[in-house]
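S.K.: Provided herewith: structure-v7.txt, compact mmCIF, C-alpha atoms and all ligand atoms.
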```
# COMPACT_ATOMS: atom_id res chain seq x y z
CA MET A 1 35.31 4.65 3.80
CA LYS A 2 31.81 3.16 3.89
CA THR A 3 30.17 2.31 0.57
CA ILE A 4 26.55 3.11 -0.19
CA VAL A 5 24.72 1.81 -3.23
CA THR A 6 21.95 4.14 -4.33
CA VAL A 7 19.27 2.61 -6.57
CA VAL A 8 17.21 4.91 -8.78
CA GLY A 9 15.24 4.29 -11.95
CA ALA A 10 12.36 6.70 -12.48
CA ARG A 11 12.04 10.44 -12.95
CA PRO A 12 10.92 11.44 -9.44
CA GLN A 13 13.83 9.51 -7.96
CA PHE A 14 16.35 11.53 -9.95
CA VAL A 15 14.95 14.72 -8.42
CA LYS A 16 15.09 13.27 -4.89
CA CYS A 17 18.56 11.78 -5.14
CA ALA A 18 20.19 14.98 -6.42
CA PRO A 19 20.49 16.78 -3.04
CA VAL A 20 21.15 13.56 -1.10
CA SER A 21 23.93 12.31 -3.39
CA ARG A 22 25.60 15.68 -3.12
CA GLU A 23 25.73 15.35 0.69
CA LEU A 24 26.57 11.65 0.79
CA ARG A 25 29.60 12.06 -1.44
CA LYS A 26 31.21 14.41 1.10
CA LYS A 27 31.54 11.48 3.53
CA PHE A 28 30.95 8.16 1.81
CA HIS A 29 31.71 6.27 -1.34
CA GLU A 30 28.47 6.22 -3.32
CA VAL A 31 27.84 3.84 -6.20
CA LEU A 32 24.85 4.99 -8.21
CA ILE A 33 22.83 2.30 -9.99
CA HIS A 34 20.19 3.34 -12.53
CA THR A 35 17.82 0.47 -13.26
CA GLY A 36 16.83 2.02 -16.59
CA GLN A 37 13.11 1.96 -15.69
CA HIS A 38 12.86 5.39 -17.29
CA TYR A 39 15.06 5.57 -20.36
CA ASP A 40 13.83 8.30 -22.71
CA ALA A 41 16.26 11.23 -22.76
CA ASP A 42 13.56 13.63 -21.56
CA MET A 43 12.58 11.30 -18.71
CA SER A 44 16.13 10.55 -17.56
CA ASP A 45 19.31 12.09 -19.08
CA VAL A 46 18.06 15.65 -18.89
CA PHE A 47 17.51 15.32 -15.12
CA PHE A 48 21.03 14.04 -14.51
CA LYS A 49 22.51 16.89 -16.52
CA GLU A 50 20.35 19.65 -15.14
CA LEU A 51 20.47 18.60 -11.49
CA GLY A 52 24.19 17.81 -11.53
CA ILE A 53 23.62 14.20 -10.50
CA PRO A 54 26.76 12.13 -11.00
CA LYS A 55 26.58 9.87 -14.04
CA PRO A 56 25.31 6.46 -12.91
CA ASP A 57 28.16 4.05 -12.25
CA ILE A 58 25.96 1.27 -13.58
CA ASN A 59 22.91 1.42 -15.86
CA LEU A 60 20.97 -1.83 -16.01
CA HIS A 61 18.84 -0.73 -18.99
CA ILE A 62 15.85 -2.75 -17.79
CA GLY A 63 13.26 -0.58 -19.54
CA SER A 64 9.53 -1.20 -19.61
CA GLY A 65 7.50 -4.33 -19.04
CA SER A 66 4.76 -5.80 -16.90
CA HIS A 67 5.27 -5.30 -13.17
CA GLY A 68 6.49 -8.86 -12.68
CA ALA A 69 8.84 -8.83 -15.65
CA GLN A 70 10.22 -5.37 -14.92
CA THR A 71 10.75 -6.01 -11.20
CA GLY A 72 12.01 -9.55 -11.82
CA LEU A 73 14.70 -8.41 -14.23
CA MET A 74 15.73 -5.73 -11.77
CA LEU A 75 16.06 -8.33 -9.01
CA ILE A 76 18.34 -10.52 -11.12
CA ARG A 77 20.58 -7.72 -12.32
CA LEU A 78 20.67 -5.76 -9.05
CA GLU A 79 21.62 -8.87 -7.10
CA GLU A 80 24.58 -9.51 -9.40
CA GLU A 81 25.85 -5.95 -9.08
CA ILE A 82 25.20 -5.43 -5.39
CA GLN A 83 26.83 -8.75 -4.54
CA LYS A 84 29.97 -7.67 -6.40
CA ILE A 85 30.05 -4.23 -4.72
CA ALA A 86 29.20 -5.58 -1.23
CA PRO A 87 28.11 -2.15 0.07
CA ASP A 88 27.51 -1.23 3.71
CA LEU A 89 24.05 0.18 2.91
CA VAL A 90 21.57 0.32 0.05
CA LEU A 91 19.64 3.57 -0.33
CA ILE A 92 16.27 3.61 -2.07
CA TYR A 93 13.77 6.37 -2.87
CA GLY A 94 10.02 6.61 -3.05
CA ASP A 95 7.71 3.93 -4.34
CA THR A 96 8.57 2.66 -7.80
CA ASN A 97 9.36 -0.85 -8.98
CA SER A 98 13.05 0.17 -8.75
CA THR A 99 12.49 0.96 -5.05
CA LEU A 100 10.97 -2.43 -4.39
CA ALA A 101 13.67 -4.30 -6.30
CA GLY A 102 16.48 -2.45 -4.49
CA ALA A 103 14.93 -3.15 -1.08
CA LEU A 104 14.30 -6.81 -1.75
CA VAL A 105 17.75 -7.55 -3.17
CA ALA A 106 19.54 -5.82 -0.30
CA ALA A 107 17.40 -7.44 2.40
CA LYS A 108 18.04 -10.92 0.94
CA LEU A 109 21.77 -10.18 0.87
CA HIS A 110 21.56 -9.04 4.53
CA ILE A 111 22.61 -5.52 3.63
CA PRO A 112 20.79 -2.76 5.56
CA VAL A 113 18.30 -0.73 3.55
CA ALA A 114 17.62 3.00 3.99
CA HIS A 115 14.37 4.34 2.53
CA VAL A 116 13.97 8.00 1.65
CA GLU A 117 10.28 9.01 1.67
CA ALA A 118 9.27 6.24 4.05
CA GLY A 119 5.85 5.89 5.67
CA LEU A 120 3.75 7.34 2.86
CA ARG A 121 0.38 5.66 2.47
CA SER A 122 -2.60 6.21 0.19
CA PHE A 123 -4.32 3.15 1.73
CA ASP A 124 -5.14 2.08 -1.82
CA ARG A 125 -3.59 -1.27 -2.70
CA MET A 126 -4.82 -0.91 -6.28
CA MET A 127 -1.93 1.51 -6.75
CA PRO A 128 1.25 -0.40 -7.60
CA GLU A 129 3.18 2.28 -5.72
CA GLU A 130 1.31 1.51 -2.48
CA VAL A 131 2.42 -2.12 -2.64
CA ASN A 132 5.99 -0.99 -3.28
CA ARG A 133 5.93 1.44 -0.35
CA VAL A 134 4.62 -1.06 2.16
CA MET A 135 7.15 -3.70 1.12
CA ALA A 136 10.07 -1.26 1.04
CA ASP A 137 9.28 0.10 4.50
CA HIS A 138 9.03 -3.33 6.06
CA LEU A 139 12.43 -4.27 4.62
CA SER A 140 14.22 -1.08 5.72
CA SER A 141 16.50 -0.48 8.71
CA LEU A 142 16.50 3.29 8.31
CA LEU A 143 13.25 5.02 7.42
CA PHE A 144 13.41 8.71 6.55
CA CYS A 145 9.92 10.18 6.89
CA PRO A 146 8.99 13.50 5.28
CA THR A 147 6.09 14.17 7.68
CA GLN A 148 4.68 13.24 11.08
CA THR A 149 1.79 11.56 9.22
CA ALA A 150 4.34 9.20 7.67
CA VAL A 151 5.85 8.44 11.09
CA ASP A 152 2.35 7.70 12.43
CA ASN A 153 1.58 5.42 9.48
CA LEU A 154 4.67 3.35 10.25
CA MET A 155 3.71 3.13 13.93
CA GLN A 156 0.32 1.77 12.89
CA GLU A 157 2.15 -1.02 11.07
CA GLY A 158 4.38 -1.74 14.07
CA ILE A 159 7.50 -0.05 12.67
CA SER A 160 9.14 2.24 15.20
CA SER A 161 12.83 1.41 15.20
CA GLY A 162 15.05 3.26 12.73
CA VAL A 163 12.30 5.79 11.99
CA PHE A 164 13.36 9.44 11.61
CA LEU A 165 11.28 12.52 10.89
CA THR A 166 13.68 14.27 8.51
CA GLY A 167 11.49 16.50 6.36
CA ASP A 168 11.19 16.12 2.63
CA VAL A 169 14.18 16.11 0.26
CA MET A 170 11.93 17.59 -2.42
CA VAL A 171 12.07 20.88 -0.50
CA ASP A 172 15.87 20.74 -0.78
CA ALA A 173 15.58 20.05 -4.52
CA LEU A 174 13.05 22.81 -5.05
CA ARG A 175 15.06 25.39 -3.10
CA SER A 176 18.19 24.74 -5.11
CA ALA A 177 16.21 24.83 -8.36
CA MET A 178 14.67 28.18 -7.36
CA ASN A 179 18.17 29.66 -7.40
CA THR A 180 18.40 28.92 -11.09
CA VAL A 181 14.80 29.51 -12.15
CA ASN A 182 13.87 32.92 -13.41
CA PRO A 183 10.20 33.22 -12.44
CA ASP A 184 9.60 35.93 -15.02
CA SER A 185 11.08 34.08 -17.98
CA ALA A 186 8.95 33.02 -20.93
CA ILE A 187 6.22 30.59 -19.97
CA GLY A 188 5.46 29.05 -23.32
CA ILE A 189 1.83 30.09 -23.31
CA ASN A 190 0.27 33.53 -23.19
CA GLY A 191 -1.92 34.70 -20.34
CA ASP A 192 -3.47 32.65 -17.57
CA TYR A 193 -3.16 28.92 -17.88
CA TYR A 194 -3.44 25.71 -15.87
CA LEU A 195 -0.69 23.12 -15.78
CA ALA A 196 -1.74 19.46 -15.95
CA THR A 197 0.07 16.13 -15.58
CA ILE A 198 -1.55 12.69 -15.87
CA HIS A 199 0.26 9.37 -15.76
CA ARG A 200 -1.26 7.04 -13.15
CA PRO A 201 -2.37 3.71 -14.65
CA SER A 202 -5.84 4.19 -13.07
CA ASN A 203 -6.27 7.37 -15.16
CA THR A 204 -4.49 6.38 -18.35
CA ASP A 205 -5.14 2.67 -18.88
CA ASP A 206 -8.90 2.99 -19.42
CA SER A 207 -10.09 4.95 -22.44
CA ALA A 208 -13.33 6.22 -20.85
CA THR A 209 -11.49 7.52 -17.77
CA LEU A 210 -8.79 9.24 -19.78
CA GLY A 211 -11.48 10.66 -22.09
CA ARG A 212 -13.42 12.14 -19.13
CA ILE A 213 -10.30 13.83 -17.76
CA LEU A 214 -9.32 15.27 -21.14
CA GLN A 215 -12.87 16.52 -21.68
CA ALA A 216 -12.81 18.27 -18.30
CA LEU A 217 -9.44 19.88 -19.11
CA ASN A 218 -10.86 20.96 -22.44
CA ASP A 219 -13.90 22.59 -20.82
CA ILE A 220 -12.24 24.64 -18.07
CA ASP A 221 -12.02 28.42 -18.19
CA HIS A 222 -8.38 28.91 -19.29
CA PRO A 223 -5.97 27.03 -21.52
CA VAL A 224 -4.27 23.94 -20.12
CA LEU A 225 -0.60 23.24 -20.65
CA PHE A 226 -0.10 19.49 -20.55
CA PRO A 227 3.37 17.87 -20.58
CA VAL A 228 2.47 14.35 -21.66
CA HIS A 229 4.11 11.38 -19.87
CA PRO A 230 5.16 8.51 -22.21
CA ARG A 231 2.62 6.16 -20.59
CA THR A 232 -0.15 8.65 -21.30
CA ARG A 233 1.04 9.30 -24.84
CA ALA A 234 1.08 5.55 -25.51
CA SER A 235 -2.49 5.23 -24.14
CA MET A 236 -3.69 8.14 -26.25
CA GLU A 237 -2.23 6.52 -29.34
CA LYS A 238 -3.75 3.18 -28.40
CA TRP A 239 -7.23 4.68 -27.89
CA GLY A 240 -6.95 6.83 -31.00
CA VAL A 241 -7.28 10.09 -29.03
CA GLU A 242 -6.89 13.02 -31.39
CA PRO A 243 -5.14 15.96 -29.68
CA ALA A 244 -6.69 18.37 -32.20
CA LYS A 245 -10.13 17.60 -30.73
CA TYR A 246 -9.04 19.26 -27.47
CA SER A 247 -8.44 22.83 -28.51
CA ASN A 248 -8.13 24.12 -24.93
CA ILE A 249 -5.28 21.71 -24.18
CA ARG A 250 -1.76 22.35 -25.37
CA MET A 251 0.13 19.05 -25.32
CA ILE A 252 3.91 19.26 -24.98
CA ASP A 253 6.77 16.84 -24.28
CA PRO A 254 7.77 15.95 -20.71
CA GLN A 255 9.65 18.92 -19.26
CA PRO A 256 12.99 19.13 -17.47
CA TYR A 257 12.81 19.86 -13.75
CA THR A 258 13.49 23.60 -13.70
CA ALA A 259 11.17 24.21 -16.66
CA MET A 260 8.45 22.29 -14.83
CA ILE A 261 8.98 24.35 -11.68
CA ARG A 262 8.79 27.54 -13.73
CA LEU A 263 5.63 26.41 -15.48
CA MET A 264 4.07 25.51 -12.16
CA GLY A 265 5.14 28.80 -10.60
CA ASN A 266 3.42 30.76 -13.35
CA ALA A 267 0.24 28.69 -13.58
CA ARG A 268 -3.16 29.66 -12.13
CA ALA A 269 -3.38 26.21 -10.62
CA VAL A 270 -2.14 22.68 -11.15
CA LEU A 271 -4.16 19.59 -12.06
CA THR A 272 -2.33 16.33 -11.50
CA ASP A 273 -2.34 12.71 -10.44
CA SER A 274 1.35 12.79 -9.51
CA GLY A 275 2.47 12.61 -5.91
CA GLY A 276 5.45 14.93 -6.21
CA VAL A 277 3.61 17.57 -8.23
CA GLN A 278 0.96 17.95 -5.49
CA LYS A 279 3.71 18.82 -3.04
CA GLU A 280 5.57 21.08 -5.42
CA ALA A 281 2.36 22.97 -6.16
CA TYR A 282 1.88 23.52 -2.43
CA MET A 283 5.47 24.64 -1.93
CA LEU A 284 5.04 27.11 -4.79
CA ARG A 285 1.75 28.35 -3.30
CA LYS A 286 -0.29 27.06 -6.20
CA PRO A 287 -3.72 25.54 -5.71
CA CYS A 288 -3.86 21.91 -6.77
CA VAL A 289 -6.65 19.72 -8.10
CA THR A 290 -5.69 16.08 -7.67
CA LEU A 291 -7.25 13.71 -10.16
CA ARG A 292 -7.31 10.84 -7.68
CA GLU A 293 -9.64 9.60 -4.97
CA ASN A 294 -6.88 9.57 -2.35
CA THR A 295 -3.47 11.00 -1.68
CA GLU A 296 -0.49 10.15 0.44
CA TRP A 297 0.18 13.90 0.81
CA ILE A 298 -2.83 14.46 3.02
CA GLU A 299 -1.40 17.65 4.59
CA THR A 300 -1.96 19.48 1.31
CA VAL A 301 -5.65 18.54 1.39
CA ASN A 302 -6.06 19.39 5.08
CA SER A 303 -4.51 22.81 4.39
CA GLY A 304 -7.24 23.54 1.84
CA TRP A 305 -4.79 23.98 -1.04
CA ASN A 306 -5.43 20.61 -2.65
CA VAL A 307 -8.77 19.09 -3.64
CA LEU A 308 -9.31 15.44 -4.56
CA THR A 309 -11.64 14.96 -7.50
CA GLY A 310 -10.84 11.52 -8.88
CA PRO A 311 -11.28 11.32 -12.66
CA ASP A 312 -14.80 12.79 -12.32
CA TYR A 313 -15.76 15.43 -14.89
CA ASN A 314 -18.11 17.46 -12.65
CA ARG A 315 -15.83 17.37 -9.62
CA ILE A 316 -12.86 18.55 -11.71
CA ILE A 317 -14.86 21.43 -13.19
CA SER A 318 -16.17 22.59 -9.81
CA ALA A 319 -12.79 22.21 -8.06
CA VAL A 320 -11.19 24.46 -10.68
CA LYS A 321 -13.86 27.12 -10.03
CA ARG A 322 -12.77 27.28 -6.39
CA VAL A 323 -9.05 27.86 -6.96
CA ASP A 324 -9.21 31.61 -6.40
CA ASN A 325 -10.46 31.13 -2.87
CA LEU A 326 -7.33 30.27 -0.92
CA PRO A 327 -6.80 29.77 2.81
CA ASP A 328 -3.64 30.58 4.84
CA TRP A 329 -0.44 28.88 3.79
CA ASP A 330 2.07 27.19 6.09
CA GLY A 331 5.43 27.01 4.35
CA ASN A 332 6.93 24.50 6.78
CA ILE A 333 4.73 21.46 6.26
CA TYR A 334 7.44 19.57 4.38
CA GLY A 335 10.52 20.77 6.24
CA ASP A 336 13.22 23.37 6.02
CA GLY A 337 15.17 22.30 2.92
CA LYS A 338 17.98 20.78 5.00
CA THR A 339 16.76 17.21 4.85
CA ALA A 340 19.64 15.79 2.78
CA GLY A 341 22.19 16.86 5.38
CA ARG A 342 20.09 15.36 8.14
CA ILE A 343 19.83 12.05 6.28
CA CYS A 344 23.57 11.97 5.79
CA GLU A 345 24.17 12.54 9.52
CA ILE A 346 21.77 9.75 10.48
CA VAL A 347 23.50 7.37 8.07
CA ASP A 348 26.85 8.32 9.59
CA ASN A 349 25.57 7.63 13.12
CA PHE A 350 24.11 4.34 11.94
CA PHE A 351 27.52 3.25 10.70
CA ILE A 352 29.23 4.37 13.90
CA ASN A 353 26.76 2.49 16.09
CA ASN A 354 26.81 -0.66 13.97
CA ILE A 355 30.60 -1.09 13.67
C1 LIG B 401 6.64 5.12 -12.67
C2 LIG B 401 6.41 4.73 -11.21
C3 LIG B 401 5.62 5.81 -10.49
C4 LIG B 401 6.19 7.20 -10.74
C5 LIG B 401 6.35 7.43 -12.23
C6 LIG B 401 6.94 8.79 -12.55
C7 LIG B 401 6.20 2.30 -10.77
C8 LIG B 401 5.26 1.20 -10.50
N1 LIG B 401 5.64 3.49 -11.11
O1 LIG B 401 5.41 5.09 -13.36
O2 LIG B 401 5.63 5.53 -9.10
O3 LIG B 401 5.32 8.18 -10.19
O4 LIG B 401 7.20 6.41 -12.77
O5 LIG B 401 6.99 9.03 -13.92
O6 LIG B 401 7.38 2.11 -10.67
N2 LIG B 401 7.96 4.88 -20.88
C9 LIG B 401 8.66 5.40 -21.96
N3 LIG B 401 9.84 6.03 -21.72
C10 LIG B 401 10.36 6.17 -20.48
C11 LIG B 401 9.64 5.64 -19.39
C12 LIG B 401 8.45 5.01 -19.60
O7 LIG B 401 8.23 5.31 -23.08
O8 LIG B 401 11.44 6.77 -20.35
C13 LIG B 401 6.63 4.24 -21.11
C14 LIG B 401 6.66 2.79 -21.37
O9 LIG B 401 5.75 2.52 -22.38
C15 LIG B 401 6.16 2.16 -20.08
C16 LIG B 401 5.26 3.24 -19.54
O10 LIG B 401 5.82 4.47 -20.00
O11 LIG B 401 5.53 0.97 -20.29
C17 LIG B 401 5.19 3.29 -18.06
O12 LIG B 401 6.48 3.30 -17.47
P1 LIG B 401 6.70 2.59 -16.05
O13 LIG B 401 8.11 2.65 -15.68
O14 LIG B 401 6.07 1.24 -16.05
O15 LIG B 401 5.83 3.40 -15.02
P2 LIG B 401 5.37 4.91 -14.93
O16 LIG B 401 3.95 4.99 -15.33
O17 LIG B 401 6.34 5.85 -15.58
```
For the structure just supplied, provide its representation as structure tokens.
M.R.:
Amino acid sequence: MKTIVTVVGARPQFVKCAPVSRELRKKFHEVLIHTGQHYDADMSDVFFKELGIPKPDINLHIGSGSHGAQTGLMLIRLEEEIQKIAPDLVLIYGDTNSTLAGALVAAKLHIPVAHVEAGLRSFDRMMPEEVNRVMADHLSSLLFCPTQTAVDNLMQEGISSGVFLTGDVMVDALRSAMNTVNPDSAIGINGDYYLATIHRPSNTDDSATLGRILQALNDIDHPVLFPVHPRTRASMEKWGVEPAKYSNIRMIDPQPYTAMIRLMGNARAVLTDSGGVQKEAYMLRKPCVTLRENTEWIETVNSGWNVLTGPDYNRIISAVKRVDNLPDWDGNIYGDGKTAGRICEIVDNFFINNI
């Protein structure tokens, strides 16, 4: 039986690997390595439990650090483990430092790399994730693209072999979560509300920028429910931000996946700088205001359901005013929810053809 090492480390990767691991384990021996990039119980453990992800076989407990230190430690520890396991393939997800480290270690050990969520581009190299994506794609033998835009981006960079338009595994994850989410259950806040998430370094690492965003959230027409990412909480503490000053914003801990889906499903609209949340909002037919100047999920913007505002106070306020005016919705942009099975089949064919 072929062995696949899956490398995950951060919250969005747990969500993506849940449906894929389930499929892979029907046919292959999967060894799950958690780098420990995200380590708080509400950023990690709760996702494994709730999504039924097998307990990681290995947890490297790398934790936080500068990009170089965090990625460097991952390289050292992943190389040791992957060398011992000698897998037939290394599977990586998305665009985090854990993605980059997994890709680099495998490529240097001459082990083929498969990248789930390949071809995404924001064309903004100031985003650490963009650097990780470009590197990971160029090191991968199998590239699983969620959209045609992603396939086209790879073509532009001269990558055409091993590229597959599979759809997005987040649709698979969302569909299976919807079976367990009761859309009418308590929402934690009365009446109409917006749901907000902010964690990108460009929005959280500068006090004036973070202050402008919080002020905009405080001044919009309905209360804002705001699950606060640890990076953002740390920045708020560092800048001495007093939550009590923002009476329109209700700050809560990071939420488990199904709770987040439920909160999104019941919100008037979503304000976010996350990649995944933009897509989830679209899939749940919720208007989205993206607090960035660019997005790799350009289909949501082209559809009219997502507006880019950057961290600009006036643009945020006026984008929120437009959320009642919604165009047609195409439910198939990100695939049919059967992406994990498709990925598994492609991996199987890859093994057969490379014997
Ligand atoms: C990372 C990913 C990003 C992804 C995001 C999802 C990179 C470069 N970025 O960003 O692509 O969208 O995860 O959340 O890999 N911290 C805790 N507890 C935790 C995790 C983090 O306290 O469980 C704090 C630490 O202070 C850390 C900071 O959050 O320094 C940021 O964590 P880090 O892993 O560097 O990146 P994220 O901002 O979470």
S.K.: Under the rule of at most 8 Å, produce a per-residue listing of chain A near ligand LIG 401 (chain B): chain, number, name, the closest pair of atoms, and the distance in Å, as a Markdown table, using all atoms listed in the file.
M.R.:
```
| residue | atom | partner | partner_atom | distance |
| --- | --- | --- | --- | --- |
| A:Ala10 | CA | B:LIG401 | O4 | 5.2 |
| A:Arg11 | CA | B:LIG401 | O5 | 5.3 |
| A:Pro12 | CA | B:LIG401 | C6 | 5.7 |
| A:Gln37 | CA | B:LIG401 | O13 | 5.0 |
| A:His38 | CA | B:LIG401 | O8 | 3.6 |
| A:Tyr39 | CA | B:LIG401 | O8 | 3.8 |
| A:Asp40 | CA | B:LIG401 | O8 | 3.7 |
| A:Ala41 | CA | B:LIG401 | O8 | 7.0 |
| A:Asp42 | CA | B:LIG401 | O8 | 7.3 |
| A:Met43 | CA | B:LIG401 | O8 | 5.0 |
| A:Ser44 | CA | B:LIG401 | O8 | 6.6 |
| A:Gly63 | CA | B:LIG401 | C11 | 7.2 |
| A:Ser64 | CA | B:LIG401 | O11 | 4.6 |
| A:Gly65 | CA | B:LIG401 | O11 | 5.8 |
| A:Ser66 | CA | B:LIG401 | O14 | 7.2 |
| A:His67 | CA | B:LIG401 | C8 | 7.0 |
| A:Gln70 | CA | B:LIG401 | O14 | 7.9 |
| A:Gly94 | CA | B:LIG401 | O2 | 7.6 |
| A:Asp95 | CA | B:LIG401 | O2 | 5.4 |
| A:Thr96 | CA | B:LIG401 | O6 | 3.2 |
| A:Asn97 | CA | B:LIG401 | O6 | 3.9 |
| A:Ser98 | CA | B:LIG401 | O6 | 6.3 |
| A:Thr99 | CA | B:LIG401 | O6 | 7.7 |
| A:Pro128 | CA | B:LIG401 | C8 | 5.2 |
| A:Glu129 | CA | B:LIG401 | O2 | 5.3 |
| A:Asn132 | CA | B:LIG401 | C8 | 7.6 |
| A:His199 | CA | B:LIG401 | O16 | 5.7 |
| A:Arg200 | CA | B:LIG401 | O16 | 6.0 |
| A:Pro201 | CA | B:LIG401 | O16 | 6.5 |
| A:His229 | CA | B:LIG401 | O5 | 7.0 |
| A:Pro230 | CA | B:LIG401 | O7 | 4.5 |
| A:Arg231 | CA | B:LIG401 | O10 | 3.7 |
| A:Thr232 | CA | B:LIG401 | O10 | 7.4 |
| A:Ala234 | CA | B:LIG401 | O9 | 6.4 |
| A:Ser274 | CA | B:LIG401 | O3 | 6.1 |
| A:Gly275 | CA | B:LIG401 | O3 | 6.8 |
| A:Gly276 | CA | B:LIG401 | O3 | 7.8 |
```
S.K.: Env of Leu308 (chain A): 9 Å cut, atoms = only C-alpha atoms, seq-sep filter 2 positions within chain, self excluded. Answer as number ranges by chain.
M.R.: A: 288-295, 301, 306, 310, 315-316, 319
S.K.: Which residues come within 12 Å of Gly119 (chain A), counting only C-alpha atoms, excluding same-chain residues fewer than 4 positions away, as a ChimeraX atom specification?
M.R.: /A:93-95,115,123,130,132-138,140,142-160,162-166,168,296-297
S.K.: Would you mind listing what lies within 9 Å of Arg212 (chain A) as a ChimeraX atom specification, with only C-alpha atoms counted and same-chain residues fewer than 5 positions away left out?
M.R.: /A:207,217,311-313
S.K.: Quick one, how far is CA of Tyr193 (chain A) from CA of Lys279 (chain A)?
M.R.: 19.2 Å
S.K.: Please measure the separation of CA of Ile76 (chain A) and CA of Gly102 (chain A), giving the value in Å to one decimal.
M.R.: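 If I compute the distance from CA of Ile76 (chain A) to CA of Gly102 (chain A), I get 10.6 Å.
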S.K.: Could you jot down the CA of Ile220 (chain A) to CA of Val270 (chain A) separation for me, Å, one decimal place?
M.R.: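 That distance, rounded to one decimal, is 12.4 Å.
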S.K.: Using all atoms listed in the file, determine which residues lie at most 9 Å from Leu210 (chain A), disregarding the query and same-chain residues fewer than 3 positions distant; provide the list as a PyMOL selection string.
M.R.: chain A and resi 198+202-207+213-215+232+235-236+311
S.K.: Determine the nearest neighbour of Asp330 (chain A) from the options A:Ala177, A:Ile53, A:Leu284, A:Val228, counting only C-alpha atoms.
M.R.: A:Leu284
S.K.: Using only C-alpha atoms for the distances, tell me which of A:Asp172, A:Asp124, A:Asp221, A:Asp336 is nearest to Val323 (chain A).
M.R.: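 For Val323 (chain A), the nearest of the candidates is A:Asp221.
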S.K.: Using all atoms listed in the file for the distances, tell me which of A:Glu117, A:Asp348, A:Asp57, A:Asp328 is nearest to Met1 (chain A).
M.R.: A:Asp348
S.K.: What lies within 12 Å of Asp324 (chain A) using only C-alpha atoms, ignoring chain neighbours under 5 positions off, as a list in words?
M.R.: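 My reading of the contact set: Arg268, Ala269, Arg285, Lys286, Pro287, Cys288, Gly304, Trp305, Ser318 and Ala319 of chain A.
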S.K.: Please save C-alpha atoms of the selected residues as an mmCIF file, in the coordinates of the input.
M.R.:
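Output contents, as saved in part-v9.cif:
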```cif
data_model
loop_
_atom_site.group_PDB
_atom_site.id
_atom_site.type_symbol
_atom_site.label_atom_id
_atom_site.label_comp_id
_atom_site.auth_asym_id
_atom_site.auth_seq_id
_atom_site.Cartn_x
_atom_site.Cartn_y
_atom_site.Cartn_z
ATOM 1 C CA ARG A 268 -3.160 29.660 -12.130
ATOM 2 C CA ALA A 269 -3.380 26.210 -10.620
ATOM 3 C CA ARG A 285 1.750 28.350 -3.300
ATOM 4 C CA LYS A 286 -0.290 27.060 -6.200
ATOM 5 C CA PRO A 287 -3.720 25.540 -5.710
ATOM 6 C CA CYS A 288 -3.860 21.910 -6.770
ATOM 7 C CA GLY A 304 -7.240 23.540 1.840
ATOM 8 C CA TRP A 305 -4.790 23.980 -1.040
ATOM 9 C CA SER A 318 -16.170 22.590 -9.810
ATOM 10 C CA ALA A 319 -12.790 22.210 -8.060
#
```
S.K.: As JSON, please report the centre and edge lengths, rounded to one decimal in Å, of the axis-aligned box that holds all listed atoms of region 31-49 of chain A with 3 Å of padding on each of the six sides.
M.R.:
```
{"center_x": 20.2, "center_y": 8.7, "center_z": -14.5, "size_x": 21.3, "size_y": 22.4, "size_z": 22.6}
```
S.K.: Nearest to Lys49 (chain A) among A:Ile85, A:Leu24, A:Tyr257, A:Gly341, with distances taken over only C-alpha atoms: which residue is it?
M.R.: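 Among the listed residues, the smallest separation from Lys49 (chain A) belongs to A:Tyr257.
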S.K.: List the residues sitting within 9 Å of (25.4, 12.4, 1.2) in the file's frame, using all atoms listed in the file, as a list in words.
M.R.: Pro19, Val20, Ser21, Arg22, Glu23, Leu24, Arg25, Lys26, Lys27, Phe28, Glu30, Ala340, Gly341, Ile343, Cys344, Glu345 and Val347 of chain A
S.K.: So which residues are close to (19.2, 0.4, 2.2), meaning at most 6 Å away in the file's coordinates with all atoms listed in the file counted, and can you show them as an mmCIF file with C-alpha atoms, in the frame of the given file?
M.R.:
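Just written: result-v8.cif:
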```cif
data_model
loop_
_atom_site.group_PDB
_atom_site.id
_atom_site.type_symbol
_atom_site.label_atom_id
_atom_site.label_comp_id
_atom_site.auth_asym_id
_atom_site.auth_seq_id
_atom_site.Cartn_x
_atom_site.Cartn_y
_atom_site.Cartn_z
ATOM 1 C CA LEU A 89 24.050 0.180 2.910
ATOM 2 C CA VAL A 90 21.570 0.320 0.050
ATOM 3 C CA LEU A 91 19.640 3.570 -0.330
ATOM 4 C CA PRO A 112 20.790 -2.760 5.560
ATOM 5 C CA VAL A 113 18.300 -0.730 3.550
ATOM 6 C CA ALA A 114 17.620 3.000 3.990
#
```
S.K.: Between A:Val15, A:Val7, A:Leu104, A:Ile62, single out the one closest to Ile92 (chain A), counting only C-alpha atoms.
M.R.: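 Checking each of A:Val15, A:Val7, A:Leu104, A:Ile62 against Ile92 (chain A), counting only C-alpha atoms, the winner is A:Val7.
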